[in-house]
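Next comes final_24.cif, a file with mmCIF, N, CA and C atoms.
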data_data
#
loop_
_atom_site.label_atom_id
_atom_site.label_comp_id
_atom_site.auth_asym_id
_atom_site.auth_seq_id
_atom_site.Cartn_x
_atom_site.Cartn_y
_atom_site.Cartn_z
N GLU A 1 0.84 -1.18 0.00
CA GLU A 1 0.00 0.00 0.00
C GLU A 1 0.88 1.24 0.00
N LEU A 2 0.38 2.27 -0.64
CA LEU A 2 0.99 3.59 -0.60
C LEU A 2 -0.09 4.52 -0.11
N GLY A 3 -0.05 4.82 1.18
CA GLY A 3 -1.17 5.54 1.80
C GLY A 3 -2.40 4.66 1.73
N PRO A 4 -3.50 5.21 1.25
CA PRO A 4 -4.73 4.41 1.17
C PRO A 4 -4.84 3.58 -0.11
N GLU A 5 -3.86 3.69 -1.00
CA GLU A 5 -3.94 3.04 -2.31
C GLU A 5 -3.13 1.74 -2.35
N HIS A 6 -3.67 0.74 -3.02
CA HIS A 6 -2.93 -0.48 -3.30
C HIS A 6 -2.23 -0.28 -4.64
N ILE A 7 -0.94 -0.48 -4.68
CA ILE A 7 -0.19 -0.17 -5.90
C ILE A 7 0.38 -1.41 -6.58
N GLY A 8 0.24 -2.56 -6.00
CA GLY A 8 0.81 -3.77 -6.59
C GLY A 8 -0.22 -4.88 -6.66
N GLN A 9 0.20 -5.97 -7.23
CA GLN A 9 -0.64 -7.17 -7.35
C GLN A 9 0.20 -8.38 -6.98
N ARG A 10 -0.48 -9.43 -6.55
CA ARG A 10 0.19 -10.71 -6.33
C ARG A 10 -0.72 -11.78 -6.88
N GLY A 11 -0.13 -12.72 -7.57
CA GLY A 11 -0.90 -13.82 -8.11
C GLY A 11 -0.14 -15.13 -7.98
N THR A 12 -0.86 -16.21 -8.24
CA THR A 12 -0.29 -17.54 -8.17
C THR A 12 -0.34 -18.17 -9.56
N ALA A 13 0.78 -18.67 -10.01
CA ALA A 13 0.87 -19.30 -11.33
C ALA A 13 0.14 -20.64 -11.32
N ALA A 14 -0.58 -20.93 -12.39
CA ALA A 14 -1.25 -22.22 -12.52
C ALA A 14 -0.23 -23.35 -12.53
N ASP A 15 0.88 -23.12 -13.20
CA ASP A 15 2.00 -24.05 -13.23
C ASP A 15 3.25 -23.27 -12.81
N PRO A 16 4.03 -23.81 -11.88
CA PRO A 16 5.22 -23.09 -11.41
C PRO A 16 6.20 -22.80 -12.54
N TYR A 17 6.91 -21.69 -12.40
CA TYR A 17 7.95 -21.30 -13.35
C TYR A 17 9.31 -21.64 -12.78
N ALA A 18 10.20 -22.07 -13.65
CA ALA A 18 11.62 -22.07 -13.31
C ALA A 18 12.05 -20.61 -13.40
N PRO A 19 12.97 -20.15 -12.58
CA PRO A 19 13.37 -18.75 -12.61
C PRO A 19 13.78 -18.25 -14.00
N ASP A 20 14.58 -19.02 -14.73
CA ASP A 20 14.99 -18.60 -16.08
C ASP A 20 13.81 -18.52 -17.03
N GLU A 21 12.83 -19.39 -16.84
CA GLU A 21 11.63 -19.38 -17.68
C GLU A 21 10.85 -18.08 -17.47
N LEU A 22 10.70 -17.65 -16.23
CA LEU A 22 9.99 -16.40 -15.96
C LEU A 22 10.76 -15.22 -16.53
N ARG A 23 12.07 -15.20 -16.36
CA ARG A 23 12.88 -14.11 -16.93
C ARG A 23 12.72 -14.05 -18.43
N GLU A 24 12.78 -15.19 -19.11
CA GLU A 24 12.63 -15.23 -20.57
C GLU A 24 11.24 -14.76 -20.99
N ARG A 25 10.24 -15.14 -20.22
CA ARG A 25 8.86 -14.73 -20.55
C ARG A 25 8.70 -13.21 -20.41
N LEU A 26 9.31 -12.64 -19.40
CA LEU A 26 9.27 -11.18 -19.24
C LEU A 26 9.97 -10.50 -20.41
N GLU A 27 11.14 -11.01 -20.80
CA GLU A 27 11.87 -10.42 -21.92
C GLU A 27 11.09 -10.51 -23.21
N THR A 28 10.33 -11.58 -23.40
CA THR A 28 9.55 -11.78 -24.61
C THR A 28 8.31 -10.89 -24.64
N ASN A 29 7.68 -10.68 -23.50
CA ASN A 29 6.38 -10.01 -23.47
C ASN A 29 6.44 -8.53 -23.11
N LEU A 30 7.56 -8.04 -22.63
CA LEU A 30 7.70 -6.62 -22.32
C LEU A 30 8.64 -5.97 -23.31
N ASP A 31 8.36 -4.73 -23.65
CA ASP A 31 9.24 -3.98 -24.54
C ASP A 31 10.38 -3.39 -23.72
N THR A 32 11.43 -4.18 -23.57
CA THR A 32 12.57 -3.77 -22.74
C THR A 32 13.60 -2.98 -23.54
N GLY A 33 13.28 -2.64 -24.77
CA GLY A 33 14.24 -1.90 -25.60
C GLY A 33 15.47 -2.71 -25.91
N GLY A 34 15.33 -4.02 -25.94
CA GLY A 34 16.45 -4.89 -26.24
C GLY A 34 17.37 -5.16 -25.06
N GLN A 35 17.04 -4.60 -23.91
CA GLN A 35 17.85 -4.82 -22.72
C GLN A 35 17.41 -6.11 -22.01
N PRO A 36 18.33 -6.83 -21.44
CA PRO A 36 17.94 -8.05 -20.71
C PRO A 36 17.24 -7.70 -19.40
N VAL A 37 16.39 -8.58 -18.96
CA VAL A 37 15.77 -8.45 -17.64
C VAL A 37 16.81 -8.91 -16.63
N GLN A 38 17.13 -8.04 -15.68
CA GLN A 38 18.08 -8.41 -14.64
C GLN A 38 17.38 -9.29 -13.62
N HIS A 39 18.11 -10.24 -13.07
CA HIS A 39 17.53 -11.21 -12.15
C HIS A 39 18.41 -11.37 -10.93
N LEU A 40 17.86 -11.06 -9.78
CA LEU A 40 18.52 -11.33 -8.51
C LEU A 40 17.99 -12.69 -8.06
N ALA A 41 18.78 -13.72 -8.26
CA ALA A 41 18.32 -15.11 -8.13
C ALA A 41 18.55 -15.65 -6.72
N PHE A 42 17.67 -15.25 -5.81
CA PHE A 42 17.83 -15.69 -4.43
C PHE A 42 16.63 -16.47 -3.91
N GLY A 43 15.65 -16.74 -4.76
CA GLY A 43 14.45 -17.42 -4.32
C GLY A 43 14.49 -18.92 -4.58
N PRO A 44 13.32 -19.56 -4.45
CA PRO A 44 13.23 -21.01 -4.61
C PRO A 44 13.43 -21.45 -6.07
N ASP A 45 13.64 -22.75 -6.25
CA ASP A 45 13.84 -23.31 -7.59
C ASP A 45 12.59 -23.24 -8.46
N GLU A 46 11.42 -23.20 -7.83
CA GLU A 46 10.16 -23.06 -8.55
C GLU A 46 9.43 -21.82 -8.04
N ILE A 47 8.93 -21.02 -8.98
CA ILE A 47 8.22 -19.79 -8.63
C ILE A 47 6.73 -20.01 -8.85
N GLU A 48 5.97 -19.89 -7.77
CA GLU A 48 4.51 -20.01 -7.86
C GLU A 48 3.83 -18.68 -7.58
N SER A 49 4.25 -17.98 -6.54
CA SER A 49 3.62 -16.73 -6.15
C SER A 49 4.48 -15.56 -6.62
N VAL A 50 3.87 -14.66 -7.41
CA VAL A 50 4.60 -13.54 -7.99
C VAL A 50 3.94 -12.24 -7.58
N ALA A 51 4.73 -11.32 -7.03
CA ALA A 51 4.27 -9.97 -6.72
C ALA A 51 4.75 -9.05 -7.84
N ILE A 52 3.92 -8.08 -8.20
CA ILE A 52 4.26 -7.14 -9.27
C ILE A 52 3.99 -5.73 -8.78
N VAL A 53 5.02 -4.91 -8.85
CA VAL A 53 4.90 -3.47 -8.60
C VAL A 53 5.71 -2.79 -9.69
N THR A 54 5.04 -2.08 -10.58
CA THR A 54 5.72 -1.50 -11.74
C THR A 54 6.62 -0.34 -11.34
N GLY A 55 7.44 0.09 -12.30
CA GLY A 55 8.29 1.25 -12.09
C GLY A 55 9.42 0.99 -11.12
N SER A 56 9.46 1.76 -10.06
CA SER A 56 10.50 1.63 -9.04
C SER A 56 9.94 0.91 -7.82
N GLY A 57 9.35 -0.25 -8.06
CA GLY A 57 8.63 -0.97 -7.01
C GLY A 57 9.47 -1.77 -6.05
N VAL A 58 10.78 -1.74 -6.21
CA VAL A 58 11.62 -2.52 -5.30
C VAL A 58 11.52 -2.01 -3.87
N ASP A 59 11.01 -0.79 -3.68
CA ASP A 59 10.81 -0.28 -2.33
C ASP A 59 9.77 -1.10 -1.55
N TRP A 60 8.99 -1.91 -2.25
CA TRP A 60 7.98 -2.74 -1.61
C TRP A 60 8.40 -4.20 -1.56
N LEU A 61 9.69 -4.44 -1.55
CA LEU A 61 10.22 -5.80 -1.45
C LEU A 61 9.76 -6.47 -0.16
N ASP A 62 9.80 -5.76 0.95
CA ASP A 62 9.37 -6.33 2.23
C ASP A 62 7.91 -6.77 2.19
N GLU A 63 7.06 -5.97 1.54
CA GLU A 63 5.65 -6.33 1.43
C GLU A 63 5.47 -7.59 0.58
N ALA A 64 6.27 -7.73 -0.47
CA ALA A 64 6.21 -8.93 -1.29
C ALA A 64 6.61 -10.16 -0.47
N VAL A 65 7.66 -10.01 0.32
CA VAL A 65 8.11 -11.10 1.18
C VAL A 65 7.02 -11.44 2.20
N ASP A 66 6.46 -10.41 2.85
CA ASP A 66 5.41 -10.63 3.86
C ASP A 66 4.18 -11.30 3.26
N ALA A 67 3.93 -11.06 1.97
CA ALA A 67 2.77 -11.66 1.29
C ALA A 67 3.05 -13.10 0.86
N GLY A 68 4.29 -13.55 1.06
CA GLY A 68 4.64 -14.93 0.69
C GLY A 68 5.04 -15.12 -0.75
N ALA A 69 5.39 -14.03 -1.44
CA ALA A 69 5.78 -14.14 -2.85
C ALA A 69 7.14 -14.83 -2.99
N ASP A 70 7.27 -15.63 -4.03
CA ASP A 70 8.54 -16.26 -4.39
C ASP A 70 9.39 -15.30 -5.22
N ALA A 71 8.71 -14.33 -5.90
CA ALA A 71 9.41 -13.41 -6.79
C ALA A 71 8.70 -12.07 -6.79
N LEU A 72 9.48 -11.02 -7.01
CA LEU A 72 8.97 -9.67 -7.23
C LEU A 72 9.39 -9.25 -8.62
N VAL A 73 8.43 -8.84 -9.43
CA VAL A 73 8.71 -8.29 -10.75
C VAL A 73 8.48 -6.79 -10.65
N THR A 74 9.49 -6.03 -11.05
CA THR A 74 9.39 -4.58 -11.00
C THR A 74 10.26 -3.99 -12.11
N GLY A 75 10.35 -2.67 -12.11
CA GLY A 75 11.09 -2.00 -13.17
C GLY A 75 12.56 -1.85 -12.88
N GLU A 76 12.87 -1.12 -11.82
CA GLU A 76 14.27 -0.83 -11.53
C GLU A 76 14.57 -1.08 -10.07
N GLY A 77 15.83 -1.29 -9.79
CA GLY A 77 16.24 -1.60 -8.43
C GLY A 77 17.12 -0.53 -7.84
N LYS A 78 17.46 -0.74 -6.62
CA LYS A 78 18.42 0.10 -5.90
C LYS A 78 19.46 -0.85 -5.33
N GLY A 79 20.63 -0.33 -5.04
CA GLY A 79 21.72 -1.17 -4.57
C GLY A 79 21.37 -2.04 -3.39
N LYS A 80 20.62 -1.53 -2.46
CA LYS A 80 20.29 -2.30 -1.27
C LYS A 80 19.38 -3.49 -1.56
N ALA A 81 18.69 -3.48 -2.70
CA ALA A 81 17.77 -4.57 -3.04
C ALA A 81 18.50 -5.90 -3.17
N TYR A 82 19.74 -5.87 -3.63
CA TYR A 82 20.51 -7.10 -3.79
C TYR A 82 20.60 -7.85 -2.47
N HIS A 83 21.06 -7.17 -1.44
CA HIS A 83 21.26 -7.82 -0.14
C HIS A 83 19.93 -8.12 0.55
N GLU A 84 18.96 -7.24 0.38
CA GLU A 84 17.64 -7.49 0.98
C GLU A 84 17.00 -8.73 0.36
N ALA A 85 17.09 -8.87 -0.95
CA ALA A 85 16.53 -10.05 -1.63
C ALA A 85 17.28 -11.31 -1.21
N GLN A 86 18.58 -11.21 -1.10
CA GLN A 86 19.40 -12.35 -0.68
C GLN A 86 19.01 -12.79 0.72
N GLU A 87 18.89 -11.85 1.64
CA GLU A 87 18.53 -12.19 3.02
C GLU A 87 17.12 -12.75 3.12
N ALA A 88 16.21 -12.26 2.29
CA ALA A 88 14.82 -12.71 2.35
C ALA A 88 14.57 -13.99 1.57
N GLY A 89 15.49 -14.37 0.67
CA GLY A 89 15.31 -15.57 -0.13
C GLY A 89 14.23 -15.42 -1.18
N ILE A 90 14.24 -14.30 -1.90
CA ILE A 90 13.23 -14.03 -2.93
C ILE A 90 13.92 -13.65 -4.24
N HIS A 91 13.32 -14.05 -5.35
CA HIS A 91 13.79 -13.62 -6.67
C HIS A 91 13.30 -12.19 -6.90
N VAL A 92 14.14 -11.39 -7.55
CA VAL A 92 13.71 -10.06 -7.99
C VAL A 92 14.07 -9.95 -9.46
N PHE A 93 13.07 -9.59 -10.27
CA PHE A 93 13.27 -9.40 -11.70
C PHE A 93 13.11 -7.92 -12.00
N LEU A 94 14.15 -7.32 -12.58
CA LEU A 94 14.17 -5.90 -12.91
C LEU A 94 14.06 -5.77 -14.43
N ALA A 95 12.86 -5.42 -14.90
CA ALA A 95 12.57 -5.43 -16.33
C ALA A 95 12.64 -4.05 -16.97
N GLY A 96 12.97 -3.03 -16.20
CA GLY A 96 13.04 -1.67 -16.74
C GLY A 96 11.82 -0.86 -16.35
N HIS A 97 12.06 0.34 -15.88
CA HIS A 97 10.98 1.21 -15.42
C HIS A 97 9.96 1.45 -16.54
N TYR A 98 10.44 1.85 -17.70
CA TYR A 98 9.57 2.17 -18.83
C TYR A 98 8.79 0.94 -19.29
N ALA A 99 9.47 -0.20 -19.37
CA ALA A 99 8.82 -1.42 -19.86
C ALA A 99 7.68 -1.85 -18.94
N THR A 100 7.86 -1.73 -17.64
CA THR A 100 6.82 -2.18 -16.72
C THR A 100 5.71 -1.15 -16.55
N GLU A 101 5.95 0.09 -16.91
CA GLU A 101 4.94 1.13 -16.76
C GLU A 101 4.06 1.27 -18.00
N THR A 102 4.52 0.88 -19.16
CA THR A 102 3.78 1.17 -20.40
C THR A 102 2.91 0.02 -20.90
N PHE A 103 3.16 -1.22 -20.49
CA PHE A 103 2.36 -2.31 -21.05
C PHE A 103 0.89 -2.19 -20.65
N GLY A 104 0.61 -1.70 -19.47
CA GLY A 104 -0.78 -1.52 -19.04
C GLY A 104 -1.48 -0.44 -19.82
N VAL A 105 -0.78 0.65 -20.08
CA VAL A 105 -1.36 1.75 -20.87
C VAL A 105 -1.66 1.26 -22.28
N ARG A 106 -0.77 0.47 -22.84
CA ARG A 106 -0.99 -0.06 -24.20
C ARG A 106 -2.18 -1.03 -24.22
N SER A 107 -2.33 -1.82 -23.19
CA SER A 107 -3.48 -2.73 -23.11
C SER A 107 -4.77 -1.94 -23.01
N LEU A 108 -4.77 -0.88 -22.22
CA LEU A 108 -5.94 -0.02 -22.11
C LEU A 108 -6.25 0.62 -23.46
N GLN A 109 -5.22 1.06 -24.16
CA GLN A 109 -5.41 1.65 -25.48
C GLN A 109 -6.10 0.67 -26.43
N GLN A 110 -5.68 -0.58 -26.41
CA GLN A 110 -6.27 -1.60 -27.27
C GLN A 110 -7.75 -1.77 -26.95
N SER A 111 -8.10 -1.82 -25.69
CA SER A 111 -9.51 -1.95 -25.30
C SER A 111 -10.32 -0.74 -25.75
N LEU A 112 -9.78 0.45 -25.55
CA LEU A 112 -10.49 1.66 -25.96
C LEU A 112 -10.68 1.72 -27.46
N ASP A 113 -9.66 1.30 -28.21
CA ASP A 113 -9.78 1.24 -29.67
C ASP A 113 -10.89 0.28 -30.10
N GLU A 114 -10.99 -0.85 -29.40
CA GLU A 114 -12.05 -1.83 -29.71
C GLU A 114 -13.44 -1.25 -29.43
N TRP A 115 -13.52 -0.32 -28.49
CA TRP A 115 -14.80 0.32 -28.16
C TRP A 115 -15.12 1.48 -29.10
N GLY A 116 -14.21 1.74 -30.05
CA GLY A 116 -14.45 2.80 -31.02
C GLY A 116 -13.89 4.16 -30.63
N LEU A 117 -13.12 4.23 -29.57
CA LEU A 117 -12.50 5.49 -29.17
C LEU A 117 -11.14 5.61 -29.83
N GLU A 118 -10.83 6.78 -30.33
CA GLU A 118 -9.54 7.01 -30.96
C GLU A 118 -8.52 7.40 -29.89
N THR A 119 -7.39 6.72 -29.89
CA THR A 119 -6.34 7.01 -28.92
C THR A 119 -4.99 7.13 -29.62
N THR A 120 -4.06 7.75 -28.96
CA THR A 120 -2.69 7.86 -29.46
C THR A 120 -1.73 7.57 -28.31
N PHE A 121 -0.78 6.68 -28.55
CA PHE A 121 0.26 6.40 -27.57
C PHE A 121 1.52 7.12 -28.03
N LEU A 122 2.06 7.94 -27.17
CA LEU A 122 3.28 8.68 -27.48
C LEU A 122 4.46 7.92 -26.90
N GLU A 123 5.25 7.37 -27.77
CA GLU A 123 6.44 6.60 -27.39
C GLU A 123 7.54 7.55 -26.92
N ALA A 124 8.02 7.33 -25.69
CA ALA A 124 9.10 8.17 -25.16
C ALA A 124 9.97 7.33 -24.23
N PRO A 125 10.66 6.31 -24.79
CA PRO A 125 11.48 5.44 -23.93
C PRO A 125 12.64 6.21 -23.29
N THR A 126 12.96 5.82 -22.09
CA THR A 126 14.02 6.48 -21.34
C THR A 126 15.31 5.67 -21.28
N GLY A 127 15.20 4.37 -21.60
CA GLY A 127 16.37 3.51 -21.46
C GLY A 127 16.56 2.99 -20.05
N LEU A 128 15.67 3.34 -19.14
CA LEU A 128 15.76 2.89 -17.76
C LEU A 128 14.82 1.73 -17.52
#
What's the structure tokens form of this structure?
Amino acid sequence: ELGPEHIGQRGTAADPYAPDELRERLETNLDTGGQPVQHLAFGPDEIESVAIVTGSGVDWLDEAVDAGADALVTGEGKGKAYHEAQEAGIHVFLAGHYATETFGVRSLQQSLDEWGLETTFLEAPTGL
């Protein structure tokens, strides 16, 4: 939570992911600008519970751990996240701030277009 707002999601995979499989899936499905998804590989061999906080969501690593997540998917990290993830025994996937913030907007655009509303997405990647 950020004040009264919930800013993240947590879900359970129907079939567990191997850590490399989840990283590859993120790289395939997010527009990372050709950059690899960074992976802090400190969690279990199988990932079932995944927490997602877009952008700079690594600040909510403790909440992901408290929720029982095996992995946190977010945009960008901070230096302290490495040791915090290691101590907590959780995977952290850093897919890029821009990549994790824009896929939802693009999905919304697709729905609005299907409803007959004209929309425009302005591409402005930052490389982060």
Would you compute the distance between atom C of A:Leu94 and atom CA of A:Glu48? Give it in Å to one decimal. 18.4 Å
Just list as a PyMOL selection string whatever in chain A DSSP marks as strand (DSSP E). chain A and resi 9-17+38-40+47-52+71-74+91-94
Take the residues that were just selected and, keeping N, CA and C atoms, output them as a PDB file, in the frame of the given file.
ATOM      1  N   GLN A   9       0.200  -5.970  -7.230  1.00  0.00           N
ATOM      2  CA  GLN A   9      -0.640  -7.170  -7.350  1.00  0.00           C
ATOM      3  C   GLN A   9       0.200  -8.380  -6.980  1.00  0.00           C
ATOM      4  N   ARG A  10      -0.480  -9.430  -6.550  1.00  0.00           N
ATOM      5  CA  ARG A  10       0.190 -10.710  -6.330  1.00  0.00           C
ATOM      6  C   ARG A  10      -0.720 -11.780  -6.880  1.00  0.00           C
ATOM      7  N   GLY A  11      -0.130 -12.720  -7.570  1.00  0.00           N
ATOM      8  CA  GLY A  11      -0.900 -13.820  -8.110  1.00  0.00           C
ATOM      9  C   GLY A  11      -0.140 -15.130  -7.980  1.00  0.00           C
ATOM     10  N   THR A  12      -0.860 -16.210  -8.240  1.00  0.00           N
ATOM     11  CA  THR A  12      -0.290 -17.540  -8.170  1.00  0.00           C
ATOM     12  C   THR A  12      -0.340 -18.170  -9.560  1.00  0.00           C
ATOM     13  N   ALA A  13       0.780 -18.670 -10.010  1.00  0.00           N
ATOM     14  CA  ALA A  13       0.870 -19.300 -11.330  1.00  0.00           C
ATOM     15  C   ALA A  13       0.140 -20.640 -11.320  1.00  0.00           C
ATOM     16  N   ALA A  14      -0.580 -20.930 -12.390  1.00  0.00           N
ATOM     17  CA  ALA A  14      -1.250 -22.220 -12.520  1.00  0.00           C
ATOM     18  C   ALA A  14      -0.230 -23.350 -12.530  1.00  0.00           C
ATOM     19  N   ASP A  15       0.880 -23.120 -13.200  1.00  0.00           N
ATOM     20  CA  ASP A  15       2.000 -24.050 -13.230  1.00  0.00           C
ATOM     21  C   ASP A  15       3.250 -23.270 -12.810  1.00  0.00           C
ATOM     22  N   PRO A  16       4.030 -23.810 -11.880  1.00  0.00           N
ATOM     23  CA  PRO A  16       5.220 -23.090 -11.410  1.00  0.00           C
ATOM     24  C   PRO A  16       6.200 -22.800 -12.540  1.00  0.00           C
ATOM     25  N   TYR A  17       6.910 -21.690 -12.400  1.00  0.00           N
ATOM     26  CA  TYR A  17       7.950 -21.300 -13.350  1.00  0.00           C
ATOM     27  C   TYR A  17       9.310 -21.640 -12.780  1.00  0.00           C
ATOM     28  N   GLN A  38      17.130  -8.040 -15.680  1.00  0.00           N
ATOM     29  CA  GLN A  38      18.080  -8.410 -14.640  1.00  0.00           C
ATOM     30  C   GLN A  38      17.380  -9.290 -13.620  1.00  0.00           C
ATOM     31  N   HIS A  39      18.110 -10.240 -13.070  1.00  0.00           N
ATOM     32  CA  HIS A  39      17.530 -11.210 -12.150  1.00  0.00           C
ATOM     33  C   HIS A  39      18.410 -11.370 -10.930  1.00  0.00           C
ATOM     34  N   LEU A  40      17.860 -11.060  -9.780  1.00  0.00           N
ATOM     35  CA  LEU A  40      18.520 -11.330  -8.510  1.00  0.00           C
ATOM     36  C   LEU A  40      17.990 -12.690  -8.060  1.00  0.00           C
ATOM     37  N   ILE A  47       8.930 -21.020  -8.980  1.00  0.00           N
ATOM     38  CA  ILE A  47       8.220 -19.790  -8.630  1.00  0.00           C
ATOM     39  C   ILE A  47       6.730 -20.010  -8.850  1.00  0.00           C
ATOM     40  N   GLU A  48       5.970 -19.890  -7.770  1.00  0.00           N
ATOM     41  CA  GLU A  48       4.510 -20.010  -7.860  1.00  0.00           C
ATOM     42  C   GLU A  48       3.830 -18.680  -7.580  1.00  0.00           C
ATOM     43  N   SER A  49       4.250 -17.980  -6.540  1.00  0.00           N
ATOM     44  CA  SER A  49       3.620 -16.730  -6.150  1.00  0.00           C
ATOM     45  C   SER A  49       4.480 -15.560  -6.620  1.00  0.00           C
ATOM     46  N   VAL A  50       3.870 -14.660  -7.410  1.00  0.00           N
ATOM     47  CA  VAL A  50       4.600 -13.540  -7.990  1.00  0.00           C
ATOM     48  C   VAL A  50       3.940 -12.240  -7.580  1.00  0.00           C
ATOM     49  N   ALA A  51       4.730 -11.320  -7.030  1.00  0.00           N
ATOM     50  CA  ALA A  51       4.270  -9.970  -6.720  1.00  0.00           C
ATOM     51  C   ALA A  51       4.750  -9.050  -7.840  1.00  0.00           C
ATOM     52  N   ILE A  52       3.920  -8.080  -8.200  1.00  0.00           N
ATOM     53  CA  ILE A  52       4.260  -7.140  -9.270  1.00  0.00           C
ATOM     54  C   ILE A  52       3.990  -5.730  -8.780  1.00  0.00           C
ATOM     55  N   ALA A  71       8.710 -14.330  -5.900  1.00  0.00           N
ATOM     56  CA  ALA A  71       9.410 -13.410  -6.790  1.00  0.00           C
ATOM     57  C   ALA A  71       8.700 -12.070  -6.790  1.00  0.00           C
ATOM     58  N   LEU A  72       9.480 -11.020  -7.010  1.00  0.00           N
ATOM     59  CA  LEU A  72       8.970  -9.670  -7.230  1.00  0.00           C
ATOM     60  C   LEU A  72       9.390  -9.250  -8.620  1.00  0.00           C
ATOM     61  N   VAL A  73       8.430  -8.840  -9.430  1.00  0.00           N
ATOM     62  CA  VAL A  73       8.710  -8.290 -10.750  1.00  0.00           C
ATOM     63  C   VAL A  73       8.480  -6.790 -10.650  1.00  0.00           C
ATOM     64  N   THR A  74       9.490  -6.030 -11.050  1.00  0.00           N
ATOM     65  CA  THR A  74       9.390  -4.580 -11.000  1.00  0.00           C
ATOM     66  C   THR A  74      10.260  -3.990 -12.110  1.00  0.00           C
ATOM     67  N   HIS A  91      13.320 -14.050  -5.350  1.00  0.00           N
ATOM     68  CA  HIS A  91      13.790 -13.620  -6.670  1.00  0.00           C
ATOM     69  C   HIS A  91      13.300 -12.190  -6.900  1.00  0.00           C
ATOM     70  N   VAL A  92      14.140 -11.390  -7.550  1.00  0.00           N
ATOM     71  CA  VAL A  92      13.710 -10.060  -7.990  1.00  0.00           C
ATOM     72  C   VAL A  92      14.070  -9.950  -9.460  1.00  0.00           C
ATOM     73  N   PHE A  93      13.070  -9.590 -10.270  1.00  0.00           N
ATOM     74  CA  PHE A  93      13.270  -9.400 -11.700  1.00  0.00           C
ATOM     75  C   PHE A  93      13.110  -7.920 -12.000  1.00  0.00           C
ATOM     76  N   LEU A  94      14.150  -7.320 -12.580  1.00  0.00           N
ATOM     77  CA  LEU A  94      14.170  -5.900 -12.910  1.00  0.00           C
ATOM     78  C   LEU A  94      14.060  -5.770 -14.430  1.00  0.00           C
TER      79      LEU A  94
END
Could you please determine the separation between atom CA of A:His39 and atom CA of A:Val92 in Å, to one decimal place?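 Separating atom CA of A:His39 from atom CA of A:Val92 is a distance of 5.8 Å.
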Compare A:Val105, A:Glu87, A:Arg25, A:His97 by their minimum atom-to-atom distance to A:Gly57, counting only N, CA and C atoms, and give me the closest one.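 Nearest candidate to A:Gly57 out of A:Val105, A:Glu87, A:Arg25, A:His97: A:His97.
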Taking all atoms listed in the file into account, name the residue in A:Ala14, A:Val73, A:Leu30, A:Leu22 that is nearest to A:Ile52.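 Comparing A:Ala14, A:Val73, A:Leu30, A:Leu22 against A:Ile52, the winner is A:Val73.
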Check which residues satisfy the PyMOL selection byres (((chain A and resi 68 and name CA) around 10) and name CA) in the file shown, then give them as a compact mmCIF listing (two decimals) with N, CA and C atoms, keeping the file's coordinate frame.
# COMPACT_ATOMS: atom_id res chain seq x y z
N ARG A 10 -0.48 -9.43 -6.55
CA ARG A 10 0.19 -10.71 -6.33
C ARG A 10 -0.72 -11.78 -6.88
N GLU A 48 5.97 -19.89 -7.77
CA GLU A 48 4.51 -20.01 -7.86
C GLU A 48 3.83 -18.68 -7.58
N SER A 49 4.25 -17.98 -6.54
CA SER A 49 3.62 -16.73 -6.15
C SER A 49 4.48 -15.56 -6.62
N VAL A 50 3.87 -14.66 -7.41
CA VAL A 50 4.60 -13.54 -7.99
C VAL A 50 3.94 -12.24 -7.58
N ALA A 51 4.73 -11.32 -7.03
CA ALA A 51 4.27 -9.97 -6.72
C ALA A 51 4.75 -9.05 -7.84
N ASP A 62 9.80 -5.76 0.95
CA ASP A 62 9.37 -6.33 2.23
C ASP A 62 7.91 -6.77 2.19
N GLU A 63 7.06 -5.97 1.54
CA GLU A 63 5.65 -6.33 1.43
C GLU A 63 5.47 -7.59 0.58
N ALA A 64 6.27 -7.73 -0.47
CA ALA A 64 6.21 -8.93 -1.29
C ALA A 64 6.61 -10.16 -0.47
N VAL A 65 7.66 -10.01 0.32
CA VAL A 65 8.11 -11.10 1.18
C VAL A 65 7.02 -11.44 2.20
N ASP A 66 6.46 -10.41 2.85
CA ASP A 66 5.41 -10.63 3.86
C ASP A 66 4.18 -11.30 3.26
N ALA A 67 3.93 -11.06 1.97
CA ALA A 67 2.77 -11.66 1.29
C ALA A 67 3.05 -13.10 0.86
N ALA A 69 5.39 -14.03 -1.44
CA ALA A 69 5.78 -14.14 -2.85
C ALA A 69 7.14 -14.83 -2.99
N ASP A 70 7.27 -15.63 -4.03
CA ASP A 70 8.54 -16.26 -4.39
C ASP A 70 9.39 -15.30 -5.22
N ALA A 71 8.71 -14.33 -5.90
CA ALA A 71 9.41 -13.41 -6.79
C ALA A 71 8.70 -12.07 -6.79
N ILE A 90 14.24 -14.30 -1.90
CA ILE A 90 13.23 -14.03 -2.93
C ILE A 90 13.92 -13.65 -4.24
Return the single residue from A:Gly79, A:Leu61, A:Asp31, A:Val37 that is closest to A:Thr102, with distances computed using all atoms listed in the file.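 With all atoms listed in the file as the atom set, the closest residue is A:Asp31.
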Export stretch 38-50 of chain A of the preceding structure, keeping C-alpha atoms, as a CSV table (one decimal), in the first residue's frame.
chain,number,residue,atom,x,y,z
A,38,GLN,CA,18.1,-8.4,-14.6
A,39,HIS,CA,17.5,-11.2,-12.2
A,40,LEU,CA,18.5,-11.3,-8.5
A,41,ALA,CA,18.3,-15.1,-8.1
A,42,PHE,CA,17.8,-15.7,-4.4
A,43,GLY,CA,14.4,-17.4,-4.3
A,44,PRO,CA,13.2,-21.0,-4.6
A,45,ASP,CA,13.8,-23.3,-7.6
A,46,GLU,CA,10.2,-23.1,-8.6
A,47,ILE,CA,8.2,-19.8,-8.6
A,48,GLU,CA,4.5,-20.0,-7.9
A,49,SER,CA,3.6,-16.7,-6.1
A,50,VAL,CA,4.6,-13.5,-8.0
